[in-house]
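A.B. asks: Next comes the structure file model.csv, holding CSV, C-alpha atoms.
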chain,number,residue,atom,x,y,z
A,735,MET,CA,42.5,6.7,-30.2
A,736,SER,CA,44.4,3.5,-31.0
A,737,THR,CA,43.1,1.2,-33.7
A,738,SER,CA,42.5,-1.6,-31.2
A,739,GLY,CA,40.5,0.7,-28.9
A,740,GLN,CA,38.4,1.8,-31.8
A,741,LYS,CA,37.7,-1.7,-32.9
A,742,ARG,CA,36.7,-2.6,-29.3
A,743,ILE,CA,34.2,0.3,-29.2
A,744,GLU,CA,32.8,-0.7,-32.6
A,745,SER,CA,32.5,-4.3,-31.5
A,746,THR,CA,30.7,-3.2,-28.3
A,747,ILE,CA,28.3,-1.1,-30.2
A,748,ASP,CA,27.5,-4.0,-32.6
A,749,THR,CA,26.9,-6.2,-29.6
A,750,ALA,CA,24.7,-3.6,-28.0
A,751,ILE,CA,22.4,-3.7,-31.1
A,752,ASP,CA,22.1,-7.5,-31.1
A,753,CYS,CA,22.0,-8.2,-27.4
A,754,ASP,CA,18.9,-9.8,-25.8
A,755,GLU,CA,16.3,-7.4,-24.5
A,756,ASP,CA,15.6,-9.4,-21.3
A,757,GLU,CA,19.3,-9.5,-20.4
A,758,VAL,CA,19.6,-5.7,-20.8
A,759,MET,CA,16.5,-5.1,-18.7
A,760,GLU,CA,17.8,-7.4,-16.0
A,761,LEU,CA,21.1,-5.6,-16.0
A,762,ALA,CA,19.4,-2.3,-15.7
A,763,MET,CA,17.2,-3.6,-12.8
A,764,GLN,CA,20.2,-4.9,-11.0
A,765,ALA,CA,22.0,-1.6,-11.4
A,766,GLY,CA,18.9,0.2,-10.1
A,767,GLU,CA,18.5,-2.2,-7.2
A,768,LEU,CA,22.1,-1.7,-6.2
A,769,LEU,CA,21.7,2.1,-6.2
A,770,LEU,CA,18.3,2.1,-4.4
A,771,GLU,CA,19.3,-0.2,-1.6
A,772,ASN,CA,22.4,1.9,-0.9
A,773,GLY,CA,20.5,5.2,-0.5
A,774,ALA,CA,20.6,6.8,-4.0
A,775,GLU,CA,18.1,9.4,-5.1
A,776,ILE,CA,15.2,8.3,-7.3
A,777,PHE,CA,16.3,10.5,-10.3
A,778,ARG,CA,19.7,8.9,-10.2
A,779,VAL,CA,18.2,5.4,-10.3
A,780,GLU,CA,16.0,6.3,-13.3
A,781,GLU,CA,18.8,8.0,-15.1
A,782,THR,CA,21.2,5.1,-14.7
A,783,MET,CA,18.6,2.5,-15.8
A,784,ASP,CA,17.6,4.6,-18.8
A,785,ARG,CA,21.3,5.2,-19.8
A,786,ILE,CA,22.0,1.4,-19.8
A,787,CYS,CA,18.8,0.5,-21.8
A,788,ARG,CA,19.4,3.2,-24.4
A,789,HIS,CA,23.0,2.2,-25.0
A,790,TYR,CA,22.1,-1.4,-25.6
A,791,GLY,CA,19.3,-0.5,-27.9
A,792,VAL,CA,16.2,-1.1,-25.7
A,793,GLU,CA,14.3,2.1,-26.7
A,794,SER,CA,10.9,0.9,-25.3
A,795,ALA,CA,12.2,0.6,-21.7
A,796,SER,CA,10.2,2.3,-19.0
A,797,GLN,CA,10.8,2.4,-15.2
A,798,PHE,CA,8.7,3.4,-12.2
A,799,ILE,CA,10.8,3.9,-9.1
A,800,LEU,CA,9.7,4.3,-5.5
A,801,MET,CA,11.8,4.3,-2.3
A,802,ASN,CA,12.0,0.5,-2.1
A,803,TYR,CA,10.3,-0.7,-5.3
A,804,ILE,CA,11.3,-0.9,-9.0
A,805,LEU,CA,8.9,-1.6,-11.8
A,806,ALA,CA,10.5,-2.0,-15.2
A,807,THR,CA,8.9,-2.8,-18.5
A,808,ALA,CA,10.0,-3.1,-22.1
A,809,GLY,CA,8.3,-3.9,-25.4
A,810,GLU,CA,5.8,-2.3,-27.7
A,811,GLY,CA,3.0,-4.8,-27.0
A,812,HIS,CA,3.6,-6.9,-30.1
A,813,GLY,CA,5.0,-10.2,-29.1
A,814,HIS,CA,7.4,-10.6,-26.2
A,815,VAL,CA,7.1,-8.0,-23.4
A,816,PHE,CA,9.4,-7.7,-20.4
A,817,ALA,CA,7.8,-6.7,-17.1
A,818,LYS,CA,9.2,-7.1,-13.6
A,819,VAL,CA,8.6,-5.7,-10.1
A,820,ARG,CA,11.2,-6.0,-7.5
A,821,HIS,CA,11.1,-5.1,-3.8
A,822,ILE,CA,14.3,-3.4,-2.6
A,823,PRO,CA,15.2,-3.6,1.1
A,824,VAL,CA,17.0,-0.4,2.0
A,825,ASN,CA,20.3,-1.2,3.8
A,826,GLY,CA,21.4,2.4,4.7
A,827,SER,CA,23.7,4.7,2.9
A,828,HIS,CA,26.8,3.4,1.1
A,829,LEU,CA,27.7,6.2,-1.1
A,830,ASP,CA,30.9,4.5,-2.4
A,831,LYS,CA,28.7,1.9,-4.1
A,832,VAL,CA,26.3,4.5,-5.4
A,833,ALA,CA,29.3,6.4,-7.0
A,834,ALA,CA,30.7,3.2,-8.4
A,835,VAL,CA,27.4,2.2,-10.1
A,836,ASN,CA,27.0,5.7,-11.5
A,837,GLN,CA,30.5,5.7,-13.0
A,838,LEU,CA,29.9,2.2,-14.4
A,839,SER,CA,26.7,3.4,-16.2
A,840,ARG,CA,28.7,6.2,-17.8
A,841,GLU,CA,31.4,3.9,-18.9
A,842,ILE,CA,28.7,1.6,-20.4
A,843,ALA,CA,27.3,4.5,-22.3
A,844,GLU,CA,30.8,5.2,-23.7
A,845,GLY,CA,30.9,1.6,-25.1
A,846,LYS,CA,33.5,0.1,-22.7
A,847,TYR,CA,31.4,-2.9,-21.6
A,848,THR,CA,29.4,-5.7,-23.2
A,849,VAL,CA,26.4,-6.9,-21.3
A,850,SER,CA,28.2,-9.8,-19.7
A,851,GLU,CA,31.1,-7.6,-18.7
A,852,ALA,CA,28.7,-5.1,-17.2
A,853,TYR,CA,27.2,-8.0,-15.1
A,854,GLN,CA,30.6,-8.9,-13.8
A,855,ALA,CA,31.4,-5.3,-13.0
A,856,LEU,CA,28.1,-4.9,-11.1
A,857,GLU,CA,28.8,-8.1,-9.0
A,858,THR,CA,32.3,-6.6,-8.2
A,859,ILE,CA,30.6,-3.5,-6.9
A,860,ARG,CA,28.0,-5.5,-5.0
A,861,ARG,CA,30.8,-7.4,-3.2
A,862,MET,CA,32.7,-4.2,-2.3
A,863,PRO,CA,33.6,-4.6,1.4
A,864,ASP,CA,32.0,-2.3,3.9
A,865,LYS,CA,34.2,-0.1,6.2
A,866,ARG,CA,35.8,-2.0,9.0
A,867,LYS,CA,33.9,-1.8,12.3
A,868,SER,CA,36.9,-0.3,14.1
A,869,VAL,CA,37.0,2.5,11.5
A,870,LEU,CA,33.3,3.2,11.9
A,871,ILE,CA,33.6,3.3,15.7
A,872,LEU,CA,36.6,5.7,15.5
A,873,ALA,CA,34.8,7.9,13.0
A,874,SER,CA,31.7,8.1,15.3
A,875,GLY,CA,33.8,9.2,18.3
A,876,VAL,CA,35.7,11.8,16.3
A,877,ALA,CA,32.5,13.1,14.7
A,878,SER,CA,30.7,13.3,18.1
A,879,GLY,CA,33.6,15.3,19.6
A,880,ALA,CA,33.7,17.6,16.6
A,881,PHE,CA,29.9,18.3,16.7
A,882,CYS,CA,30.1,19.0,20.4
A,883,CYS,CA,32.8,21.6,19.6
A,884,LEU,CA,30.6,23.0,16.8
A,885,PHE,CA,27.7,23.4,19.2
A,886,GLY,CA,29.8,25.3,21.7
A,887,GLY,CA,31.3,22.7,24.0
A,888,ASN,CA,34.8,23.1,25.5
A,889,LEU,CA,37.7,20.7,25.3
A,890,MET,CA,36.4,18.5,28.2
A,891,ASP,CA,32.9,18.4,26.7
A,892,CYS,CA,34.3,17.3,23.4
A,893,LEU,CA,36.3,14.5,25.0
A,894,ALA,CA,33.3,13.3,26.9
A,895,ALA,CA,31.2,13.4,23.7
A,896,ALA,CA,33.9,11.5,21.8
A,897,ILE,CA,33.8,8.7,24.4
A,898,ALA,CA,30.0,8.6,24.2
A,899,GLY,CA,30.3,8.6,20.4
A,900,PHE,CA,32.6,5.5,20.5
A,901,LEU,CA,30.2,3.7,22.8
A,902,ILE,CA,27.1,4.6,20.8
A,903,TYR,CA,28.5,3.1,17.7
A,904,VAL,CA,29.4,-0.1,19.5
A,905,TYR,CA,25.8,-0.2,20.6
A,906,ILE,CA,24.6,0.4,16.9
A,907,LEU,CA,26.9,-2.3,15.5
A,908,TYR,CA,26.5,-5.1,18.1
A,909,ILE,CA,23.1,-4.5,19.7
A,910,SER,CA,20.7,-2.2,17.8
A,911,GLY,CA,21.5,-3.3,14.2
A,912,PRO,CA,21.5,-7.0,14.6
A,913,HIS,CA,18.9,-7.5,17.3
A,914,LEU,CA,16.5,-4.5,17.6
A,915,SER,CA,13.8,-3.0,15.3
A,916,LYS,CA,14.5,0.5,14.0
A,917,ILE,CA,12.1,2.2,16.4
A,918,VAL,CA,13.3,0.4,19.5
A,919,GLY,CA,17.0,0.7,18.5
A,920,ASN,CA,16.8,4.5,18.1
A,921,VAL,CA,14.8,4.9,21.4
A,922,GLY,CA,17.4,2.8,23.1
A,923,GLY,CA,20.2,4.7,21.4
A,924,GLY,CA,18.9,8.1,22.6
A,925,ALA,CA,18.6,6.7,26.2
A,926,PHE,CA,22.0,5.1,26.0
A,927,VAL,CA,23.7,8.3,24.9
A,928,THR,CA,21.9,10.2,27.8
A,929,LEU,CA,23.0,7.7,30.4
A,930,VAL,CA,26.6,7.6,29.3
A,931,CYS,CA,26.9,11.4,29.1
A,932,ASN,CA,25.3,11.9,32.5
A,933,LEU,CA,27.6,9.3,34.0
A,934,LEU,CA,30.7,11.1,32.5
A,935,TYR,CA,29.3,14.4,33.7
A,936,MET,CA,28.9,13.1,37.3
A,937,LEU,CA,32.5,11.8,37.1
A,938,GLY,CA,33.7,15.3,36.4
A,939,LEU,CA,34.4,14.8,32.7
A,940,GLY,CA,32.7,17.6,30.9
A,941,ASP,CA,31.2,20.9,32.0
A,942,HIS,CA,28.1,21.3,29.7
A,943,LEU,CA,25.8,18.3,29.7
A,944,ASN,CA,23.6,19.6,26.9
A,945,PHE,CA,26.5,20.0,24.4
A,946,MET,CA,27.8,16.6,25.4
A,947,ILE,CA,24.5,14.9,24.7
A,948,ILE,CA,23.8,16.8,21.4
A,949,GLY,CA,27.2,16.0,20.1
A,950,SER,CA,27.3,12.4,20.9
A,951,MET,CA,23.8,11.6,19.5
A,952,MET,CA,24.8,12.9,16.0
A,953,PRO,CA,25.8,9.3,14.8
A,954,LEU,CA,22.2,8.3,15.3
A,955,VAL,CA,20.8,11.2,13.1
A,956,PRO,CA,19.9,10.1,9.6
A,957,GLY,CA,21.4,13.1,7.8
A,958,VAL,CA,21.9,11.5,4.4
A,959,ALA,CA,18.3,10.1,4.4
A,960,PHE,CA,17.0,13.5,5.3
A,961,THR,CA,19.0,15.2,2.5
A,962,VAL,CA,18.0,12.6,-0.1
A,963,ALA,CA,14.3,13.1,0.9
A,964,ILE,CA,14.6,16.8,0.2
A,965,ARG,CA,16.4,16.1,-3.1
A,966,ASP,CA,13.7,13.6,-4.2
A,967,ALA,CA,10.9,16.1,-3.4
A,968,ALA,CA,12.8,18.9,-5.2
A,969,ASP,CA,13.1,16.6,-8.3
A,970,GLY,CA,9.3,16.0,-8.3
A,971,ASP,CA,9.4,12.5,-6.7
A,972,TYR,CA,6.9,13.5,-4.0
A,973,ILE,CA,5.9,10.0,-2.9
A,974,SER,CA,9.4,8.8,-2.3
A,975,GLY,CA,10.5,12.2,-0.9
A,976,THR,CA,7.6,12.2,1.6
A,977,VAL,CA,8.2,8.6,2.7
A,978,ARG,CA,11.9,9.2,3.2
A,979,MET,CA,11.1,12.4,5.1
A,980,ILE,CA,8.6,10.6,7.4
A,981,ASP,CA,11.1,7.9,8.0
A,982,ALA,CA,13.8,10.4,9.0
A,983,LEU,CA,11.4,12.4,11.2
A,984,LEU,CA,10.4,9.1,12.9
A,985,VAL,CA,14.1,8.5,13.8
A,986,PHE,CA,14.4,12.1,15.2
A,987,ILE,CA,11.3,11.5,17.3
A,988,CYS,CA,12.6,8.2,18.6
A,989,ILE,CA,15.9,9.7,19.5
A,990,ALA,CA,14.1,12.5,21.4
A,991,ILE,CA,11.9,9.9,23.2
A,992,GLY,CA,15.0,8.0,24.2
A,993,VAL,CA,16.8,11.1,25.6
A,994,GLY,CA,13.6,11.9,27.6
A,995,MET,CA,13.4,8.4,28.9
A,996,GLY,CA,17.1,8.5,29.9
A,997,MET,CA,16.7,11.7,31.8
A,998,ALA,CA,13.6,10.4,33.5
A,999,VAL,CA,15.4,7.3,34.7
A,1000,LEU,CA,18.3,9.3,36.0
A,1001,LYS,CA,16.0,11.6,37.8
A,1002,LEU,CA,14.3,8.7,39.4
A,1003,LEU,CA,17.6,7.0,40.4
A,1004,THR,CA,18.9,10.3,41.9
A,1005,GLY,CA,15.8,11.0,43.9
A,1006,GLY,CA,14.7,14.0,41.7
A,1007,ALA,CA,18.0,15.9,42.2
A,1008,ASP,CA,19.1,18.1,39.3
A,1009,LEU,CA,22.3,17.0,37.7
Starting from the file, lay out its structure as structure tokens.

C.D. replies:
Amino acid sequence: MSTSGQKRIESTIDTAIDCDEDEVMELAMQAGELLLENGAEIFRVEETMDRICRHYGVESASQFILMNYILATAGEGHGHVFAKVRHIPVNGSHLDKVAAVNQLSREIAEGKYTVSEAYQALETIRRMPDKRKSVLILASGVASGAFCCLFGGNLMDCLAAAIAGFLIYVYILYISGPHLSKIVGNVGGGAFVTLVCNLLYMLGLGDHLNFMIIGSMMPLVPGVAFTVAIRDAADGDYISGTVRMIDALLVFICIAIGVGMGMAVLKLLTGGADL
């Protein structure tokens, strides 16, 4: 290691010892908030906050994390005590931000950041742009076609599922997300997928309606949330794991209701004829 690099690490360690406890706790809470609102597991949030606090010399820090709440305290009860509760709205899964915060916490533990520099790095991560809508729509179509193939559909089925996958993500981005509640949006998404696939099937594009519908509804399925729920439960965070699991199961049920409603409407419009 160069002399300048060694001096920088020593300076950072000295600063860590002298830094303000409230600033450190606020930094840890912001890091935890950024992780939690982007779909991180409970153990990852706790580990990251603890790593930051320990590096900057706040040994009395304690955190209690739920799916959308953070309670953080610090102090031994003699004099000033830090205590703060923050509600965290969950904005879906943005794993690139989760990975960036996780890496930042490790670099903080290595002595590469002062508190003020860590604040600036967190803000940079917070402002990371989301994927472009065109990329999301394209990915949805490709994934829908691929899942249709995985479930046993032929080439024409995959093409139809890809078209439906493009359209369902347009619905998610421009109708369901901005204007509808989670339940109504997922019921509407299931019905929309069913109607589009049936229309394509009646036009002769696709041979197996069931594979087309199953493949094209996959962009609606909360796979990451379901996986994180299992991970939380496996790590002993039963409350958050159960809440996440119920939330994911509710989405599954809403999608199924939407598909049933779509089939019922089509049967009514076609006079009860089987498609």

A.B. asks: Go ahead and compute the interatomic distance for CA of Val985 (chain A) and CA of Tyr903 (chain A), in Å to one decimal.

C.D. replies: 15.9 Å

A.B. asks: Any idea what's packed within 9 Å of Gly919 (chain A), counting all atoms listed in the file, ignoring anything in its chain fewer than 3 positions away? Could you give it as a PyMOL selection string?

C.D. replies: chain A and resi 906+909-911+913-916+922-924+988

A.B. asks: So what do you get for CA of His814 (chain A) versus CA of Gly845 (chain A), distance-wise?

C.D. replies: 26.5 Å

A.B. asks: From (25.8, -10.2, -13.2), in the file's coordinates, out to 12 Å: which residues are reached, counting all atoms listed in the file? Answer as an MDAnalysis selection string.

C.D. replies: chainID A and resid 757:765 768 848:861

A.B. asks: Save out the residues we just selected, C-alpha atoms, as a compact mmCIF listing (two decimals), in the frame of the given file.

C.D. replies:
# COMPACT_ATOMS: atom_id res chain seq x y z
CA GLU A 757 19.30 -9.50 -20.40
CA VAL A 758 19.60 -5.70 -20.80
CA MET A 759 16.50 -5.10 -18.70
CA GLU A 760 17.80 -7.40 -16.00
CA LEU A 761 21.10 -5.60 -16.00
CA ALA A 762 19.40 -2.30 -15.70
CA MET A 763 17.20 -3.60 -12.80
CA GLN A 764 20.20 -4.90 -11.00
CA ALA A 765 22.00 -1.60 -11.40
CA LEU A 768 22.10 -1.70 -6.20
CA THR A 848 29.40 -5.70 -23.20
CA VAL A 849 26.40 -6.90 -21.30
CA SER A 850 28.20 -9.80 -19.70
CA GLU A 851 31.10 -7.60 -18.70
CA ALA A 852 28.70 -5.10 -17.20
CA TYR A 853 27.20 -8.00 -15.10
CA GLN A 854 30.60 -8.90 -13.80
CA ALA A 855 31.40 -5.30 -13.00
CA LEU A 856 28.10 -4.90 -11.10
CA GLU A 857 28.80 -8.10 -9.00
CA THR A 858 32.30 -6.60 -8.20
CA ILE A 859 30.60 -3.50 -6.90
CA ARG A 860 28.00 -5.50 -5.00
CA ARG A 861 30.80 -7.40 -3.20

A.B. asks: Using only C-alpha atoms - which residues lie no farther than 10 Å from the point (9.3, 1.9, -9.9) in the file's frame? Write them as a PyMOL selection string.

C.D. replies: chain A and resi 766+776+779-780+796-807+818-821

A.B. asks: Which value, in Å to one decimal, gives the distance between CA of Ala990 (chain A) and CA of Tyr905 (chain A)?

C.D. replies: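 Atom-to-atom, CA of Ala990 (chain A) and CA of Tyr905 (chain A) are spaced 17.3 Å apart.
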
A.B. asks: Would you kindly return, as a PDB file with C-alpha atoms, in the coordinates of the input, each protein, DNA or RNA residue with an atom no farther than 12 Å from any atom of Val930 (chain A), considering all atoms listed in the file and excluding same-chain residues fewer than 3 positions away?

C.D. replies:
ATOM      1  CA  ALA A 894      33.300  13.300  26.900  1.00  0.00           C
ATOM      2  CA  ALA A 895      31.200  13.400  23.700  1.00  0.00           C
ATOM      3  CA  ALA A 896      33.900  11.500  21.800  1.00  0.00           C
ATOM      4  CA  ILE A 897      33.800   8.700  24.400  1.00  0.00           C
ATOM      5  CA  ALA A 898      30.000   8.600  24.200  1.00  0.00           C
ATOM      6  CA  GLY A 899      30.300   8.600  20.400  1.00  0.00           C
ATOM      7  CA  PHE A 900      32.600   5.500  20.500  1.00  0.00           C
ATOM      8  CA  LEU A 901      30.200   3.700  22.800  1.00  0.00           C
ATOM      9  CA  ILE A 902      27.100   4.600  20.800  1.00  0.00           C
ATOM     10  CA  TYR A 905      25.800  -0.200  20.600  1.00  0.00           C
ATOM     11  CA  GLY A 923      20.200   4.700  21.400  1.00  0.00           C
ATOM     12  CA  GLY A 924      18.900   8.100  22.600  1.00  0.00           C
ATOM     13  CA  ALA A 925      18.600   6.700  26.200  1.00  0.00           C
ATOM     14  CA  PHE A 926      22.000   5.100  26.000  1.00  0.00           C
ATOM     15  CA  VAL A 927      23.700   8.300  24.900  1.00  0.00           C
ATOM     16  CA  LEU A 933      27.600   9.300  34.000  1.00  0.00           C
ATOM     17  CA  LEU A 934      30.700  11.100  32.500  1.00  0.00           C
ATOM     18  CA  TYR A 935      29.300  14.400  33.700  1.00  0.00           C
ATOM     19  CA  MET A 936      28.900  13.100  37.300  1.00  0.00           C
ATOM     20  CA  LEU A 937      32.500  11.800  37.100  1.00  0.00           C
ATOM     21  CA  LEU A 939      34.400  14.800  32.700  1.00  0.00           C
ATOM     22  CA  GLY A 940      32.700  17.600  30.900  1.00  0.00           C
ATOM     23  CA  LEU A 943      25.800  18.300  29.700  1.00  0.00           C
ATOM     24  CA  MET A 946      27.800  16.600  25.400  1.00  0.00           C
ATOM     25  CA  ILE A 947      24.500  14.900  24.700  1.00  0.00           C
ATOM     26  CA  SER A 950      27.300  12.400  20.900  1.00  0.00           C
ATOM     27  CA  MET A 951      23.800  11.600  19.500  1.00  0.00           C
ATOM     28  CA  VAL A 993      16.800  11.100  25.600  1.00  0.00           C
ATOM     29  CA  GLY A 996      17.100   8.500  29.900  1.00  0.00           C
ATOM     30  CA  MET A 997      16.700  11.700  31.800  1.00  0.00           C
ATOM     31  CA  LEU A1000      18.300   9.300  36.000  1.00  0.00           C
TER      32      LEU A1000
END

A.B. asks: Neighbouring residues of Leu769 (chain A) were defined as those with any atom within 8 Å, considering all atoms listed in the file; residues of the same chain fewer than 4 positions away were excluded. Please report them as a list in words.

C.D. replies: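 Selected residues are Ala765, Gly773, Ala774, Val779, Lys831, Val832 and Val835 of chain A.
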
A.B. asks: List as a list in words the protein and nucleic acid residues near Gly975 (chain A), meaning an atom at most 8 Å away when all atoms listed in the file are counted, but skip any in the same chain fewer than 4 places from it.

C.D. replies: Val962, Ala963, Ile964, Arg965, Asp966, Ala967, Asp971 and Met979 of chain A

A.B. asks: A:Asp830, A:His942, A:Pro953, A:Val824: which is nearest Asn888 (chain A), counting all atoms listed in the file?

C.D. replies: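 Under the stated criterion, the closest residue is A:His942.
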
A.B. asks: Some atoms are missing, so please complete region 851-872 of chain A with N, CA, C and O atoms and return it as a PDB file, in the coordinates of the input.

C.D. replies:
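Final output, saved to selection-v1.pdb:
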ATOM      1  N   GLU A 851      30.111  -8.323 -19.481  1.00  0.00           N
ATOM      2  CA  GLU A 851      31.100  -7.600 -18.700  1.00  0.00           C
ATOM      3  C   GLU A 851      30.521  -6.653 -17.712  1.00  0.00           C
ATOM      4  O   GLU A 851      31.022  -6.492 -16.596  1.00  0.00           O
ATOM      5  N   ALA A 852      29.413  -6.030 -18.100  1.00  0.00           N
ATOM      6  CA  ALA A 852      28.700  -5.100 -17.200  1.00  0.00           C
ATOM      7  C   ALA A 852      28.151  -5.882 -15.986  1.00  0.00           C
ATOM      8  O   ALA A 852      28.184  -5.398 -14.849  1.00  0.00           O
ATOM      9  N   TYR A 853      27.627  -7.104 -16.245  1.00  0.00           N
ATOM     10  CA  TYR A 853      27.200  -8.000 -15.100  1.00  0.00           C
ATOM     11  C   TYR A 853      28.282  -8.230 -14.153  1.00  0.00           C
ATOM     12  O   TYR A 853      28.109  -8.129 -12.926  1.00  0.00           O
ATOM     13  N   GLN A 854      29.439  -8.592 -14.670  1.00  0.00           N
ATOM     14  CA  GLN A 854      30.600  -8.900 -13.800  1.00  0.00           C
ATOM     15  C   GLN A 854      31.011  -7.667 -13.012  1.00  0.00           C
ATOM     16  O   GLN A 854      31.340  -7.758 -11.822  1.00  0.00           O
ATOM     17  N   ALA A 855      30.995  -6.493 -13.651  1.00  0.00           N
ATOM     18  CA  ALA A 855      31.400  -5.300 -13.000  1.00  0.00           C
ATOM     19  C   ALA A 855      30.376  -4.933 -11.844  1.00  0.00           C
ATOM     20  O   ALA A 855      30.771  -4.496 -10.754  1.00  0.00           O
ATOM     21  N   LEU A 856      29.074  -5.171 -12.094  1.00  0.00           N
ATOM     22  CA  LEU A 856      28.100  -4.900 -11.100  1.00  0.00           C
ATOM     23  C   LEU A 856      28.273  -5.864  -9.860  1.00  0.00           C
ATOM     24  O   LEU A 856      28.143  -5.444  -8.703  1.00  0.00           O
ATOM     25  N   GLU A 857      28.595  -7.131 -10.136  1.00  0.00           N
ATOM     26  CA  GLU A 857      28.800  -8.100  -9.000  1.00  0.00           C
ATOM     27  C   GLU A 857      30.066  -7.656  -8.237  1.00  0.00           C
ATOM     28  O   GLU A 857      30.097  -7.807  -7.016  1.00  0.00           O
ATOM     29  N   THR A 858      31.068  -7.131  -8.909  1.00  0.00           N
ATOM     30  CA  THR A 858      32.300  -6.600  -8.200  1.00  0.00           C
ATOM     31  C   THR A 858      31.889  -5.496  -7.269  1.00  0.00           C
ATOM     32  O   THR A 858      32.345  -5.432  -6.121  1.00  0.00           O
ATOM     33  N   ILE A 859      31.047  -4.591  -7.757  1.00  0.00           N
ATOM     34  CA  ILE A 859      30.600  -3.500  -6.900  1.00  0.00           C
ATOM     35  C   ILE A 859      29.766  -3.973  -5.753  1.00  0.00           C
ATOM     36  O   ILE A 859      29.909  -3.508  -4.615  1.00  0.00           O
ATOM     37  N   ARG A 860      28.886  -4.945  -6.029  1.00  0.00           N
ATOM     38  CA  ARG A 860      28.000  -5.500  -5.000  1.00  0.00           C
ATOM     39  C   ARG A 860      28.860  -6.102  -3.844  1.00  0.00           C
ATOM     40  O   ARG A 860      28.482  -6.058  -2.673  1.00  0.00           O
ATOM     41  N   ARG A 861      30.002  -6.692  -4.202  1.00  0.00           N
ATOM     42  CA  ARG A 861      30.800  -7.400  -3.200  1.00  0.00           C
ATOM     43  C   ARG A 861      31.876  -6.423  -2.575  1.00  0.00           C
ATOM     44  O   ARG A 861      32.739  -6.883  -1.824  1.00  0.00           O
ATOM     45  N   MET A 862      31.804  -5.137  -2.903  1.00  0.00           N
ATOM     46  CA  MET A 862      32.700  -4.200  -2.300  1.00  0.00           C
ATOM     47  C   MET A 862      32.597  -4.266  -0.756  1.00  0.00           C
ATOM     48  O   MET A 862      31.484  -4.202  -0.228  1.00  0.00           O
ATOM     49  N   PRO A 863      33.704  -4.415  -0.046  1.00  0.00           N
ATOM     50  CA  PRO A 863      33.600  -4.600   1.400  1.00  0.00           C
ATOM     51  C   PRO A 863      33.156  -3.265   2.076  1.00  0.00           C
ATOM     52  O   PRO A 863      33.484  -2.161   1.623  1.00  0.00           O
ATOM     53  N   ASP A 864      32.385  -3.418   3.149  1.00  0.00           N
ATOM     54  CA  ASP A 864      32.000  -2.300   3.900  1.00  0.00           C
ATOM     55  C   ASP A 864      33.219  -1.785   4.754  1.00  0.00           C
ATOM     56  O   ASP A 864      34.213  -2.499   4.898  1.00  0.00           O
ATOM     57  N   LYS A 865      33.098  -0.589   5.293  1.00  0.00           N
ATOM     58  CA  LYS A 865      34.200  -0.100   6.200  1.00  0.00           C
ATOM     59  C   LYS A 865      34.303  -0.989   7.379  1.00  0.00           C
ATOM     60  O   LYS A 865      33.329  -1.538   7.890  1.00  0.00           O
ATOM     61  N   ARG A 866      35.534  -1.158   7.843  1.00  0.00           N
ATOM     62  CA  ARG A 866      35.800  -2.000   9.000  1.00  0.00           C
ATOM     63  C   ARG A 866      35.078  -1.368  10.246  1.00  0.00           C
ATOM     64  O   ARG A 866      34.975  -0.146  10.376  1.00  0.00           O
ATOM     65  N   LYS A 867      34.624  -2.240  11.127  1.00  0.00           N
ATOM     66  CA  LYS A 867      33.900  -1.800  12.300  1.00  0.00           C
ATOM     67  C   LYS A 867      34.742  -0.834  13.160  1.00  0.00           C
ATOM     68  O   LYS A 867      34.237   0.138  13.736  1.00  0.00           O
ATOM     69  N   SER A 868      36.017  -1.136  13.260  1.00  0.00           N
ATOM     70  CA  SER A 868      36.900  -0.300  14.100  1.00  0.00           C
ATOM     71  C   SER A 868      36.963   1.127  13.480  1.00  0.00           C
ATOM     72  O   SER A 868      36.992   2.125  14.225  1.00  0.00           O
ATOM     73  N   VAL A 869      36.960   1.235  12.149  1.00  0.00           N
ATOM     74  CA  VAL A 869      37.000   2.500  11.500  1.00  0.00           C
ATOM     75  C   VAL A 869      35.693   3.298  11.753  1.00  0.00           C
ATOM     76  O   VAL A 869      35.700   4.515  12.032  1.00  0.00           O
ATOM     77  N   LEU A 870      34.560   2.594  11.678  1.00  0.00           N
ATOM     78  CA  LEU A 870      33.300   3.200  11.900  1.00  0.00           C
ATOM     79  C   LEU A 870      33.170   3.737  13.371  1.00  0.00           C
ATOM     80  O   LEU A 870      32.664   4.842  13.622  1.00  0.00           O
ATOM     81  N   ILE A 871      33.639   2.939  14.318  1.00  0.00           N
ATOM     82  CA  ILE A 871      33.600   3.300  15.700  1.00  0.00           C
ATOM     83  C   ILE A 871      34.475   4.570  15.955  1.00  0.00           C
ATOM     84  O   ILE A 871      34.085   5.529  16.639  1.00  0.00           O
ATOM     85  N   LEU A 872      35.675   4.541  15.373  1.00  0.00           N
ATOM     86  CA  LEU A 872      36.600   5.700  15.500  1.00  0.00           C
ATOM     87  C   LEU A 872      35.971   6.941  14.879  1.00  0.00           C
ATOM     88  O   LEU A 872      36.014   8.036  15.477  1.00  0.00           O
TER      89      LEU A 872
END
